[in-house]
Structure formats: C-alpha cells, structure tokens
Amino acid sequence: MIRGARRPSCALLLAGALACGRAEAQVTPCMVSGRDSARLWSAPLDRVVMLRSSGASLRTALDLVAARAGVRLSYSSDLLPLDRVACVPQGALPLGTMLTALLQDAAVAPMSSGGTQVVLAPIGARTGMPVAARTATLDRVVVTGSAAGASQRSLPYAIDVLQGRELRGAAAPTLASSLNGSIPGLWIWADAPTTLMTRFGSMRGASSFGVSTPKVFVDGIELANPLLLSRIAADAVERIEVIRGPQGAALYGADAISGVVNVQLRHDGAANGRLEAIVRSSAGTSHSDYAPSGAFLQEHTVSLRAGSAERSAGAVMALNTTGAIVPGGNTVQFSTDAGARLVTSRTIVSTTARLWLVRAAAPVNPVLRGVTQTMPGLGMLAPDSTQAITQYTLGGTVTHAPDAAWTHTLTAGVDGYRLRGLAVDFVPVPSALDSAMRATRGGVDKGTLRATSVRRIGIGDATSATLTLNADAALLRDATIAGAVALRATPSGRLAQPMDAVRWLSTAGIGMQAALQMHETLFLTAGLRGERNDGFTDASRFAVLPSLGASLVRQRGDVTVKARVAYGSGLRPARNPMRETAWRSIGLGGVGTDVLPERQVGVEAGVELFWKRTLALQVTRFDQRASSLIQQVPVEMTSALPGMPDRGRDGSGRDDSRRSGYARPPRYGYALENFGAITNRGWELSLRQSVGALSVAGTLSLVQSRVDRLALQYAGDLRAGDRMLAVPGRTTGLSVTWTPRAWQLQLAGSQVADWINYDRVGLASTFLRGGTLARGLAGDALRTYWMHYGEVTRVRASVSHDLTRSLSLRLIGENLLDRQRGEPDNVTIVPGRTLSVGLCARF
C-alpha cells in the first residue's frame, strides 16, 4: 500500500527547496539543516541528497536525484513537464523536500511505496490534458540546436517541438499527417501508401531541385537517407524537434542546409516501476475512386515498458496493412523501436534500436493507364511489381557530468537500409534507365561517431558563458548489387558511366560554439565548423560553416517577450544517397567532378510572446539564398549505352517500331547540372492557446521561392524570376482539442495552396507518342507542361473515450473531404475518406 508522505512546512521549503538557481550561483544557507527536516519524511523519502545542476531538464534532474538517493522512482511521463528547465534546490536536503521543490508546478506528490520504491502520484482532480501538454514555454529544454541540451529561452532561431503525447492523441498515421500544419514552414506531400519515400514540399522553400530535405536524426544517430523516414510509431516517440533553415549547419554539418529534424524516442520506465503494457488495435476502410470496394486497413501496436526512472527498458512493435486504393496496390509494414536507459549519480547511458520492414506492390497508375495500355513502351512507366525496404538503426549515447561545470556526451551508431524494386516518380519525363534502376538491389550503411564537451563558466553574479567543443566522423558504404548506368556531365559532353558496385564516402568535422548570457535577458551565440566531406567534388573537399545569433528576453508580470535574430550557412554535397534513391539513373559514381555542392545562407528574425502558461505566439521572418543548385536535366540518348540496345530496337537488335506501327518512345537519361541560385523569403506564424480543457493551435506559412539567376550552360526549363516548381506558396494548419473528463475530442485540418508543377498526364501522353527534344520533353519547351495548382485541404477528426481506467475506445476519420488527387501533381493518388475504430488497453 502507498503511504502518503508528510509535507514539510512552507517555511522549510522556502529555506531550502525553493532556493533555486544555477550551480554557479551563491545560495544563502538554510536556517534548518537538511538532516533536521528529514525527520518530517518517512523512509526512503528521508534520505538526504544534494544535487548540483545547471539548466538541466526536469527529467534529468529527477533521474539524478533518484540515482544519488538510491531509490527507484516511478511516474507517468504524460503528467509531468519533463522537458522544462528544473528549478534545482541547493544544498543537502531530504529526498522528499528535493522532489517537492522540483515538482512545485506539477499535480503530483512523492509517496513511498515500500522499500526503495517512490511513486510520483497524481493529487487532486485531473482536468483535461496534462499541464505539460497545454502549451510551450521558454523554460523548455531542447536538445536540437545545442550540444547537451539547453533552454529554449537562449536559442536565437525558431525551433518547434511536437510532443509524443500529441502524436498519440492525434493518432496520425504518417509523418506527413503528423507534421503538416503543426510545424510552420515545413510541408510533406501526401502520397499513396505504395510510395515508400517521403517527399518534402518545402522547408522554408527549396534548397535543391526535387530533393529538399532536412538532416534527420533519431536519438542523435544520423539516418543514412532521410527520405525513408515516412512512418514511426507514436508510442515510441517522446518528442520531435525541428529547426528550419541553415542555422543548424554549424553544429550538425553538411546536409543540414534545409534544417534539422531530431526524433527523440522514449526511454522512460513503467508508471508503476515494474512492468507496463499498452495494446492498441484499429481497423477501418478507405474510400477510393479507383477501387470500387474501397481499401481495408488495420494497425496493431504493442508497447512494453519496464523499470523505473533510474533503470528502464522498453519496446514498441507495430504492424499495419493497407489494402489496394488502386488495383493491385497493397502495402504491409512492420516496425520495432526498442531502447534502454541506465542512470547513475553522474552518468546516463541510453541505447536505441529500430527496425522497419515494408513490402508494397507498385501497380500501374490508373490515371496513366488509359494513355499507356494501347501503346508500346508501357514498361517505361510501369513500376516493378514488388517493392521492398528494410531499414535499421542501432546505437547509444553516454552522457557524463563529473561536476556542474562540465558535461561530456558521446554518441555512436549505425543506420542503414536495403531496398529492392523501389518505384519513384520524382522526375517529369520517364528515363530509359528506369527499369535498370528498379532492378538494382542494394543498400547503404552509415556509421556515425560524435563527441561533445560543454563547459559552463560563471562570470560574476548575473553573467555566465557556455563553451561547446564537438568532433564527429561518419563513414558511408553504398553497395549496389546490380549496377545501373548514369550520365556524367563533362566539358566534352555527357558520357555514360557505369556505377561502381561499392562506393565509400567519409566525413569528418570539428566545431566550436560559444554562448554568453547576461542577467537571463541577453543571449549571444557564435559557432564555427570545419568539415571534410568526400561528398564534395574534386573542386574542394573542405568547407567552413559559420553561425551567429542573439536573443533578448524581457518579462513583465505574466507576459514574456523574446526577440531573436540568427544567421547561418549550410552545404549539401553533390554525392549523397538521397539523389541516388530519389532521382532515377543517378548513382554516386555518376556525379561529375565539376558539379559543385549546393549552398544556402540566410538570416531569420522573430518575436515570441508568452502569457502565463496558456498562450504562445511566434512570428518569424526569413530571407535565404540557395546557390549552385543541382537539377536533373532530361537528355535524349541517341546512341546505345553500355549494356542497352539501340533506340528503336529490341534486345535482339531488330527494329520493332515498324512492326508495331508506332514510333517507339525515345530514350531519356538525366544529367546533373548546377543551374544557378534561388531566393527563399517568407513569414511563419504559430499560435497556441489553452483555456481549461480546451486548446487551440494554428500555423501559417507564406513562402516565395524564386529563381535568382541561371548558369550560362543551364539547359533546363527554368528562367530567372520563375517560381520554383512544386514549392507551395501558402500552408496552414488548425487544430482544436477538448479534453473533458474521460474524453478527448480533436478536429484538425491542414491546407496547402498555390504552387506550380508539371502536367504529368500531358507529359506522359506526349512521351508515349514518341515525343522528342523538339516536341517538348526537354529544355525550354517543358514550360508548356507547367500548370498552376490551387489548394488541397485535408480534415481529420478523432473522438476518444475512457471506458474504464485501463480500456479506451477511439473513432478516427481521415481526409474527411475525400480529396484523392491534386497534390503535388495531377497523377498522384492518395487514400480518400478513411474511417476507423480502435481500442486501447493498458495492463
């Protein structure tokens, strides 16, 4: 039986526990000693502990206190603001007094549960959502943008955090539906379930042509290919942190040109300190105009958590299947996310393991079927019959704080994938090498090692500084079992070049970041990173990435205002797995030595307003310029490439166009070219408001992404002043959540509007009728196939009810307006109106 602890008097708390401050601050000694006040608590809450911390999160503070007191601490992560900066009392105090001070704003209290077990049990009536989930504050600790975690108050650029409990509450099925409308400035195009790669429509505009992606980390381990992170189980996520723009490149290196997405997985133990299991199961149907009977879908998740705050382990296993929204288009996915955590008095060790398996059919698109079924060359548009991807992540992090001044962190891990028959449609004109690319079987493995040391320096009573030193190295192995052929741009022309069976790329970087804070009001930051990267071409293997920023925070009563400004510069190498996977006919071995890395530099400025803990408003203006952008330029191949028959002839060399009566479609390849520079300018707005059990969140992004200049040798279809293709000009999101007792109701919508893209139907029709360069399938003539797309709005709703303390029922509606086409082009088909019902059981 849980025994309630006797609370100490207010005087004792004021004398000891509420004397909060940084480790460097001088604190007046308590009038009553910790050992005297220990008599007010029952064992083990009477154990005297002392904690020195500097800006640690509440989670870290609780874990260290438990480790030093030698107790097992249990709590529900949904009831505590674990990412908030902890107000750490100074001096030696009883465990009960220490915990009470740390939890002064939370509706929980420390209680002894026998032996060395301590439970942070809820007190009072529960009113709707947990206080931690209601709105963001400047006191939140984030790990993205800082080497060892820092308060959001000091960061000079916009960073948005999506909590795992928000994902679980929304029951969003994909990464696109989770982030769209929740993170301003970021948009992921909706896609069919058989499309296994993520398509980023905008990260504050475009930083590349066709493949603008952020750098993605899972628990600090870099993913080898961020395009393959399309789904992750919500039960496994603690939070997702997003930086938009190149401001994070000085800390995270090349490929962070568009921003950084950091997925932090859960490592908490069971709420009861022993074993906890959560089983979720749902089933439903999706309407489809192309499958008369609709598509059946189901999802089943098992989440296991064991241990307490100081020693925990967990695993989440998820299986989901989606029926054919188009004839023959079935998808099966299975994922496992596991981790463990060990906390000692000065060290925290965490491990991460992920596995994602997907098998999907790749049928002919019904929109194109009428164009292709009566013409030769169908194989150039028809995807392979089966797609298969296996992705894994394995690694760990060790954080050691020998004292309040130093924190050392070491992260090591490997991420990789294996793919077969991947169907991609990211280019305007099908390539003659598509079948070879789809036949390619291989994968990529990337190992990363990152070491960081943070030194905190006290300068007087109200000023302090933080110095961060970091070094990292990565080794990427790209293996291709069945080779493909790529085009390489050279001064003498475009040459065919076979891809090597195995290619290696290495990266090494070292950086320094300094931050100065004065009176908790003015914050200045500066960073510099030097990097050597094999992904850069022979022109230069080295790069220097700087960053600068400042923020000013003022508080008057319940109102806090923050003004910030930041500058950053980032690079994306010409050689990387994203281009090989997403762009057909291009391999790492097919990039010419004259192709420069893409670069983006820019500045952002913003204002944030907070009122109490119920209102958060953020406005950001950004101005960025991306140069040396790389584009795939369609090139008609008039002669055979190695291992391929001449145009117009079958495998035996005979001309088959005379027998068929049709002109055989031409063969196209793609060459990589630096086509010039673009500018990305716009505004971002986000708002969160909570009143009791009601919370409202909204975002708005306005982006102008235009061509600034073009290279003299550019042979594509863009002109100076043009808008970048497939970059939306406006994205919005709005969600309303109401959580009365035992209920949760949510209505959410997102809208993407105003973009230019290709008329894919028209292109396919011209191509299959024997289109040539002169007939509009390459160069400037492609402009005749541009079309303006208006808007696509998607609405989702969910209703959840707790039937008992351990069983809840949920009804979910996705894409309630039944928009099945129009995003990002006139060919892509997505699931229509989807209705499902699910159960959640806790054991």
# chains A, B, ... in the order shown; residues from 1 in each chain; ligands from 1
call {"tool": "residues_around", "arguments": {"residues": "Trp611 of chain A", "least_positions_apart": "2", "cutoff": "7 Å", "atoms": "only C-alpha atoms", "output": "PyMOL selection string"}}
result
chain A and resi 558-560+609+613-616
call {"tool": "residues_around", "arguments": {"residues": "Trp504 of chain A", "least_positions_apart": "2", "cutoff": "9 Å", "atoms": "only C-alpha atoms", "output": "number ranges by chain"}}
result
A: 475-479, 502, 506, 534
call {"tool": "residues_around", "arguments": {"residues": "Ala720 of chain A", "least_positions_apart": "4", "cutoff": "10 Å", "atoms": "only C-alpha atoms", "output": "list in words"}}
result
Gly676, Ala677, Ile678, Arg706, Val707, Asp708, Arg709 and Leu710 of chain A
call {"tool": "write_last_selection", "arguments": {"atoms": "N, CA, C and O atoms", "output": "PDB file, in the first residue's frame"}}
result
ATOM      1  N   GLY A 676      22.159  27.423 -60.998  1.00  0.00           N
ATOM      2  CA  GLY A 676      22.129  28.805 -60.569  1.00  0.00           C
ATOM      3  C   GLY A 676      21.746  28.955 -59.116  1.00  0.00           C
ATOM      4  O   GLY A 676      22.122  28.139 -58.274  1.00  0.00           O
ATOM      5  N   ALA A 677      20.953  30.002 -58.817  1.00  0.00           N
ATOM      6  CA  ALA A 677      20.613  30.328 -57.435  1.00  0.00           C
ATOM      7  C   ALA A 677      19.143  30.693 -57.337  1.00  0.00           C
ATOM      8  O   ALA A 677      18.518  31.123 -58.313  1.00  0.00           O
ATOM      9  N   ILE A 678      18.594  30.524 -56.136  1.00  0.00           N
ATOM     10  CA  ILE A 678      17.215  30.910 -55.866  1.00  0.00           C
ATOM     11  C   ILE A 678      17.178  31.668 -54.542  1.00  0.00           C
ATOM     12  O   ILE A 678      18.104  31.573 -53.733  1.00  0.00           O
ATOM     13  N   ARG A 706      11.945  31.731 -55.540  1.00  0.00           N
ATOM     14  CA  ARG A 706      12.084  32.135 -56.939  1.00  0.00           C
ATOM     15  C   ARG A 706      13.525  31.981 -57.424  1.00  0.00           C
ATOM     16  O   ARG A 706      14.483  32.085 -56.640  1.00  0.00           O
ATOM     17  N   VAL A 707      13.650  31.761 -58.743  1.00  0.00           N
ATOM     18  CA  VAL A 707      14.961  31.655 -59.377  1.00  0.00           C
ATOM     19  C   VAL A 707      15.604  33.028 -59.404  1.00  0.00           C
ATOM     20  O   VAL A 707      15.008  34.001 -59.886  1.00  0.00           O
ATOM     21  N   ASP A 708      16.823  33.115 -58.877  1.00  0.00           N
ATOM     22  CA  ASP A 708      17.536  34.389 -58.841  1.00  0.00           C
ATOM     23  C   ASP A 708      18.424  34.559 -60.068  1.00  0.00           C
ATOM     24  O   ASP A 708      18.486  35.628 -60.664  1.00  0.00           O
ATOM     25  N   ARG A 709      19.134  33.517 -60.431  1.00  0.00           N
ATOM     26  CA  ARG A 709      19.972  33.554 -61.625  1.00  0.00           C
ATOM     27  C   ARG A 709      20.196  32.144 -62.123  1.00  0.00           C
ATOM     28  O   ARG A 709      19.995  31.168 -61.389  1.00  0.00           O
ATOM     29  N   LEU A 710      20.625  32.033 -63.391  1.00  0.00           N
ATOM     30  CA  LEU A 710      20.871  30.737 -64.011  1.00  0.00           C
ATOM     31  C   LEU A 710      22.278  30.690 -64.585  1.00  0.00           C
ATOM     32  O   LEU A 710      22.795  31.713 -65.063  1.00  0.00           O
TER      33      LEU A 710
END
call {"tool": "closest_residue", "arguments": {"among": "A:Ser258, A:Ala192, A:Thr411, A:Val619", "to": "Gly329 of chain A", "atoms": "only C-alpha atoms"}}
result
A:Ala192
call {"tool": "residues_around", "arguments": {"residues": "Leu410 of chain A", "least_positions_apart": "4", "cutoff": "7 Å", "atoms": "only C-alpha atoms", "output": "number ranges by chain"}}
result
A: 397-399, 450-452
call {"tool": "residues_around", "arguments": {"residues": "Arg199 of chain A", "least_positions_apart": "6", "cutoff": "7 Å", "atoms": "only C-alpha atoms", "output": "list in words"}}
result
Ile188, Trp189 and Leu227 of chain A
call {"tool": "select_by_dssp", "arguments": {"residues": "segment 328-373 of chain A", "states": "alpha helix (DSSP H)", "output": "PyMOL selection string"}}
result
chain A and resi 366-372
call {"tool": "residues_around", "arguments": {"residues": "Asp337 of chain A", "least_positions_apart": "3", "cutoff": "6 Å", "atoms": "only C-alpha atoms", "output": "list in words"}}
result
Ala315, Val316, Ala353 and Arg354 of chain A
call {"tool": "closest_residue", "arguments": {"among": "A:Ile348, A:Ala778, A:Leu80, A:Leu817", "to": "Val795 of chain A", "atoms": "only C-alpha atoms"}}
result
A:Leu817
call {"tool": "atom_distance", "arguments": {"atom1": "atom CA of Asp415 of chain A", "atom2": "atom CA of Gly253 of chain A"}}
result
17.3 Å
call {"tool": "closest_residue", "arguments": {"among": "A:Asp403, A:Glu598, A:Glu814, A:Glu604", "to": "Ser208 of chain A", "atoms": "only C-alpha atoms"}}
result
A:Glu598
call {"tool": "closest_residue", "arguments": {"among": "A:Ser151, A:Ala404, A:Ser701, A:Val279", "to": "Glu520 of chain A", "atoms": "only C-alpha atoms"}}
result
A:Ser151
call {"tool": "atom_distance", "arguments": {"atom1": "atom CA of Val108 of chain A", "atom2": "atom CA of Pro740 of chain A"}}
result
19.5 Å
call {"tool": "closest_residue", "arguments": {"among": "A:Gly549, A:Gly442, A:Gly682, A:Pro824", "to": "Tyr789 of chain A", "atoms": "only C-alpha atoms"}}
result
A:Pro824
call {"tool": "closest_residue", "arguments": {"among": "A:Ala566, A:Val736, A:Ala254, A:Leu79", "to": "Thr507 of chain A", "atoms": "only C-alpha atoms"}}
result
A:Ala254
